[in-house]
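Heads up, the thing below is written out as structure tokens.
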Amino acid sequence: PYVKLAGDSLFISLEVRVPLETPSPRAENVFRVRVLDESKLTLDGKLNEFGGEVRDMPRVENFKIWWTRALPDRIITVAVEFTFNLTISREHELAGQSLRVIQIVAPDGLKMGVRRPKDVTPLAPSSSLAITVWNWTGTMPRGLWFGLDEQRNVTGKFHYAFPVLLPGVSEMPYNNLWSVKLCADSPFCKTELLEVPLPGFFFGEEPDYDLS
């Protein structure tokens, strides 16, 4: 149990099983949050937090994030990994819906430490995923963009490591979520095909697996 005072915030990450299709009608696609007292009587709540659309393409799985020792105001190495578990055939993509870019977005307050192309390291060089280029910009310092070969089907593993500048000791964001976006354009990802949030890490925290 948690003891929370007035004005406190609580951030919870949960694993859920996603259905094959978006629940319908819309009233069935909703999360309900209740605050209960010690007798399990409702004190407050939000009963209409609508869920997102269930997308069957692109289909991805096994998201992981790894990092080196996290210290304030230091540049560390972060690695993001996931797999396309169903091949995307280029000839069957809808007009304007072609997967062209994979964008990694760091949490607020963290910045990409990339200064030259070789700062980004492919950790699965034999993967069938055809990444042709990666880009970054100081005007959007939280983002890193990976361009895909539009002539080749999308399949295989994404696994890249890159430097990240951490904030000061009291500046690590409370809402500490990384984001992986699959986009039809860049850098603003106006046509977003899929977004997957990844829980981040805090100072002193260690990853729960070894980098392979």
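Every chain in the structure tokens takes a letter, A first, then B, and so on in the order presented; its residues are numbered from 1, and the ligands are numbered from 1 following the presented order.
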
- Item | For Val169 (chain A): contacts at 9 Å, only C-alpha atoms, fewer than 5 positions along chain excluded, given as an MDAnalysis selection string | chainID A and resid 71:73 203

With N, CA and C atoms retained, write the just-selected residues as a short mmCIF file (atom, residue, chain, number, x, y, z; two decimals), in the first residue's frame.
data_model
loop_
_atom_site.label_atom_id
_atom_site.label_comp_id
_atom_site.auth_asym_id
_atom_site.auth_seq_id
_atom_site.Cartn_x
_atom_site.Cartn_y
_atom_site.Cartn_z
N LEU A 71 24.22 8.59 -13.94
CA LEU A 71 24.65 9.61 -12.99
C LEU A 71 24.22 10.98 -13.48
N PRO A 72 23.95 11.91 -12.57
CA PRO A 72 23.50 13.25 -12.98
C PRO A 72 24.54 13.97 -13.84
N ASP A 73 24.04 14.70 -14.84
CA ASP A 73 24.88 15.54 -15.70
C ASP A 73 25.98 14.76 -16.41
N PHE A 203 18.29 7.63 -11.58
CA PHE A 203 19.68 7.60 -11.14
C PHE A 203 19.91 6.42 -10.19
#

- Message: Residues near region 51-64 of chain A, anyone? I mean within 9 Å using only C-alpha atoms, not counting same-chain ones fewer than 5 positions away, as number ranges by chain.
- Response: A: 18-23, 26, 29-31, 79-88, 99, 182, 193-194, 196, 198

- Message: Can you measure CA of Lys157 (chain A) to CA of Ser126 (chain A) for me? One decimal in Å is fine.
- Response: 9.1 Å

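The helix (DSSP H, G or I) portion of region 26-203 of chain A consists of Arg26, Ala27, Glu28, Arg90, Glu91, His92, Pro117, Lys118 and Asp119 of chain A, with states taken from DSSP on the backbone.
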
- Pick out the residues sitting within 12 Å of Asp44 (chain A), and hand them over as number ranges by chain; count only C-alpha atoms, and ignore anything fewer than 3 positions along from it in its own chain. A: 32-37, 40-41, 47

Pull all heavy atoms from the residues just selected and write them as a PDB file, in the first residue's frame.
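Contents of the output file again.pdb:
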ATOM      1  N   ARG A  32     -11.006   2.663 -16.238  1.00  0.00           N
ATOM      2  CA  ARG A  32     -11.685   3.276 -15.096  1.00  0.00           C
ATOM      3  C   ARG A  32     -10.760   3.225 -13.880  1.00  0.00           C
ATOM      4  O   ARG A  32     -10.270   2.163 -13.507  1.00  0.00           O
ATOM      5  CB  ARG A  32     -13.003   2.559 -14.809  1.00  0.00           C
ATOM      6  CG  ARG A  32     -13.997   2.633 -15.962  1.00  0.00           C
ATOM      7  CD  ARG A  32     -15.275   1.844 -15.662  1.00  0.00           C
ATOM      8  NE  ARG A  32     -16.261   2.023 -16.708  1.00  0.00           N
ATOM      9  CZ  ARG A  32     -16.334   1.262 -17.799  1.00  0.00           C
ATOM     10  NH1 ARG A  32     -15.469   0.274 -17.954  1.00  0.00           N
ATOM     11  NH2 ARG A  32     -17.248   1.491 -18.710  1.00  0.00           N
ATOM     12  N   VAL A  33     -10.541   4.389 -13.278  1.00  0.00           N
ATOM     13  CA  VAL A  33      -9.661   4.506 -12.116  1.00  0.00           C
ATOM     14  C   VAL A  33     -10.489   4.994 -10.941  1.00  0.00           C
ATOM     15  O   VAL A  33     -11.194   6.006 -11.042  1.00  0.00           O
ATOM     16  CB  VAL A  33      -8.505   5.488 -12.390  1.00  0.00           C
ATOM     17  CG1 VAL A  33      -7.600   5.592 -11.164  1.00  0.00           C
ATOM     18  CG2 VAL A  33      -7.711   5.053 -13.607  1.00  0.00           C
ATOM     19  N   ARG A  34     -10.414   4.276  -9.827  1.00  0.00           N
ATOM     20  CA  ARG A  34     -11.142   4.665  -8.622  1.00  0.00           C
ATOM     21  C   ARG A  34     -10.183   4.782  -7.441  1.00  0.00           C
ATOM     22  O   ARG A  34      -9.259   3.979  -7.302  1.00  0.00           O
ATOM     23  CB  ARG A  34     -12.232   3.645  -8.286  1.00  0.00           C
ATOM     24  CG  ARG A  34     -13.382   3.582  -9.281  1.00  0.00           C
ATOM     25  CD  ARG A  34     -14.450   2.594  -8.811  1.00  0.00           C
ATOM     26  NE  ARG A  34     -15.621   2.592  -9.682  1.00  0.00           N
ATOM     27  CZ  ARG A  34     -15.756   1.795 -10.742  1.00  0.00           C
ATOM     28  NH1 ARG A  34     -14.785   0.950 -11.041  1.00  0.00           N
ATOM     29  NH2 ARG A  34     -16.845   1.851 -11.482  1.00  0.00           N
ATOM     30  N   VAL A  35     -10.438   5.772  -6.605  1.00  0.00           N
ATOM     31  CA  VAL A  35      -9.715   5.930  -5.339  1.00  0.00           C
ATOM     32  C   VAL A  35     -10.644   5.456  -4.229  1.00  0.00           C
ATOM     33  O   VAL A  35     -11.759   5.979  -4.068  1.00  0.00           O
ATOM     34  CB  VAL A  35      -9.301   7.397  -5.110  1.00  0.00           C
ATOM     35  CG1 VAL A  35      -8.575   7.534  -3.771  1.00  0.00           C
ATOM     36  CG2 VAL A  35      -8.408   7.879  -6.249  1.00  0.00           C
ATOM     37  N   LEU A  36     -10.190   4.449  -3.456  1.00  0.00           N
ATOM     38  CA  LEU A  36     -11.021   3.831  -2.424  1.00  0.00           C
ATOM     39  C   LEU A  36     -10.479   4.145  -1.031  1.00  0.00           C
ATOM     40  O   LEU A  36      -9.277   4.366  -0.849  1.00  0.00           O
ATOM     41  CB  LEU A  36     -11.062   2.316  -2.617  1.00  0.00           C
ATOM     42  CG  LEU A  36     -11.422   1.791  -4.015  1.00  0.00           C
ATOM     43  CD1 LEU A  36     -11.372   0.273  -4.029  1.00  0.00           C
ATOM     44  CD2 LEU A  36     -12.788   2.288  -4.453  1.00  0.00           C
ATOM     45  N   ASP A  37     -11.370   4.127  -0.065  1.00  0.00           N
ATOM     46  CA  ASP A  37     -10.928   4.269   1.319  1.00  0.00           C
ATOM     47  C   ASP A  37     -10.630   2.890   1.901  1.00  0.00           C
ATOM     48  O   ASP A  37     -10.661   1.867   1.188  1.00  0.00           O
ATOM     49  CB  ASP A  37     -11.960   5.037   2.151  1.00  0.00           C
ATOM     50  CG  ASP A  37     -13.284   4.287   2.291  1.00  0.00           C
ATOM     51  OD1 ASP A  37     -13.346   3.089   1.919  1.00  0.00           O
ATOM     52  OD2 ASP A  37     -14.267   4.885   2.751  1.00  0.00           O
ATOM     53  N   LYS A  40     -12.949   0.212   1.155  1.00  0.00           N
ATOM     54  CA  LYS A  40     -13.109  -0.001  -0.279  1.00  0.00           C
ATOM     55  C   LYS A  40     -14.350   0.698  -0.824  1.00  0.00           C
ATOM     56  O   LYS A  40     -14.986   0.236  -1.772  1.00  0.00           O
ATOM     57  CB  LYS A  40     -13.147  -1.500  -0.623  1.00  0.00           C
ATOM     58  CG  LYS A  40     -11.841  -2.219  -0.297  1.00  0.00           C
ATOM     59  CD  LYS A  40     -11.833  -3.644  -0.787  1.00  0.00           C
ATOM     60  CE  LYS A  40     -10.498  -4.305  -0.472  1.00  0.00           C
ATOM     61  NZ  LYS A  40     -10.451  -5.705  -0.946  1.00  0.00           N
ATOM     62  N   LEU A  41     -14.685   1.833  -0.206  1.00  0.00           N
ATOM     63  CA  LEU A  41     -15.734   2.689  -0.719  1.00  0.00           C
ATOM     64  C   LEU A  41     -15.094   3.773  -1.581  1.00  0.00           C
ATOM     65  O   LEU A  41     -14.029   4.302  -1.250  1.00  0.00           O
ATOM     66  CB  LEU A  41     -16.531   3.324   0.425  1.00  0.00           C
ATOM     67  CG  LEU A  41     -17.275   2.350   1.344  1.00  0.00           C
ATOM     68  CD1 LEU A  41     -17.938   3.095   2.491  1.00  0.00           C
ATOM     69  CD2 LEU A  41     -18.289   1.536   0.549  1.00  0.00           C
ATOM     70  N   LEU A  47     -13.738   7.699 -14.717  1.00  0.00           N
ATOM     71  CA  LEU A  47     -14.346   6.499 -15.280  1.00  0.00           C
ATOM     72  C   LEU A  47     -14.447   6.530 -16.798  1.00  0.00           C
ATOM     73  O   LEU A  47     -15.068   5.651 -17.390  1.00  0.00           O
ATOM     74  CB  LEU A  47     -15.736   6.293 -14.670  1.00  0.00           C
ATOM     75  CG  LEU A  47     -15.788   6.287 -13.132  1.00  0.00           C
ATOM     76  CD1 LEU A  47     -17.220   6.071 -12.659  1.00  0.00           C
ATOM     77  CD2 LEU A  47     -14.854   5.233 -12.558  1.00  0.00           C
TER      78      LEU A  47
END

- Interatomic distance, CA of Phe146 (chain A) to CA of Gln103 (chain A) (Å, one decimal): 6.3 Å
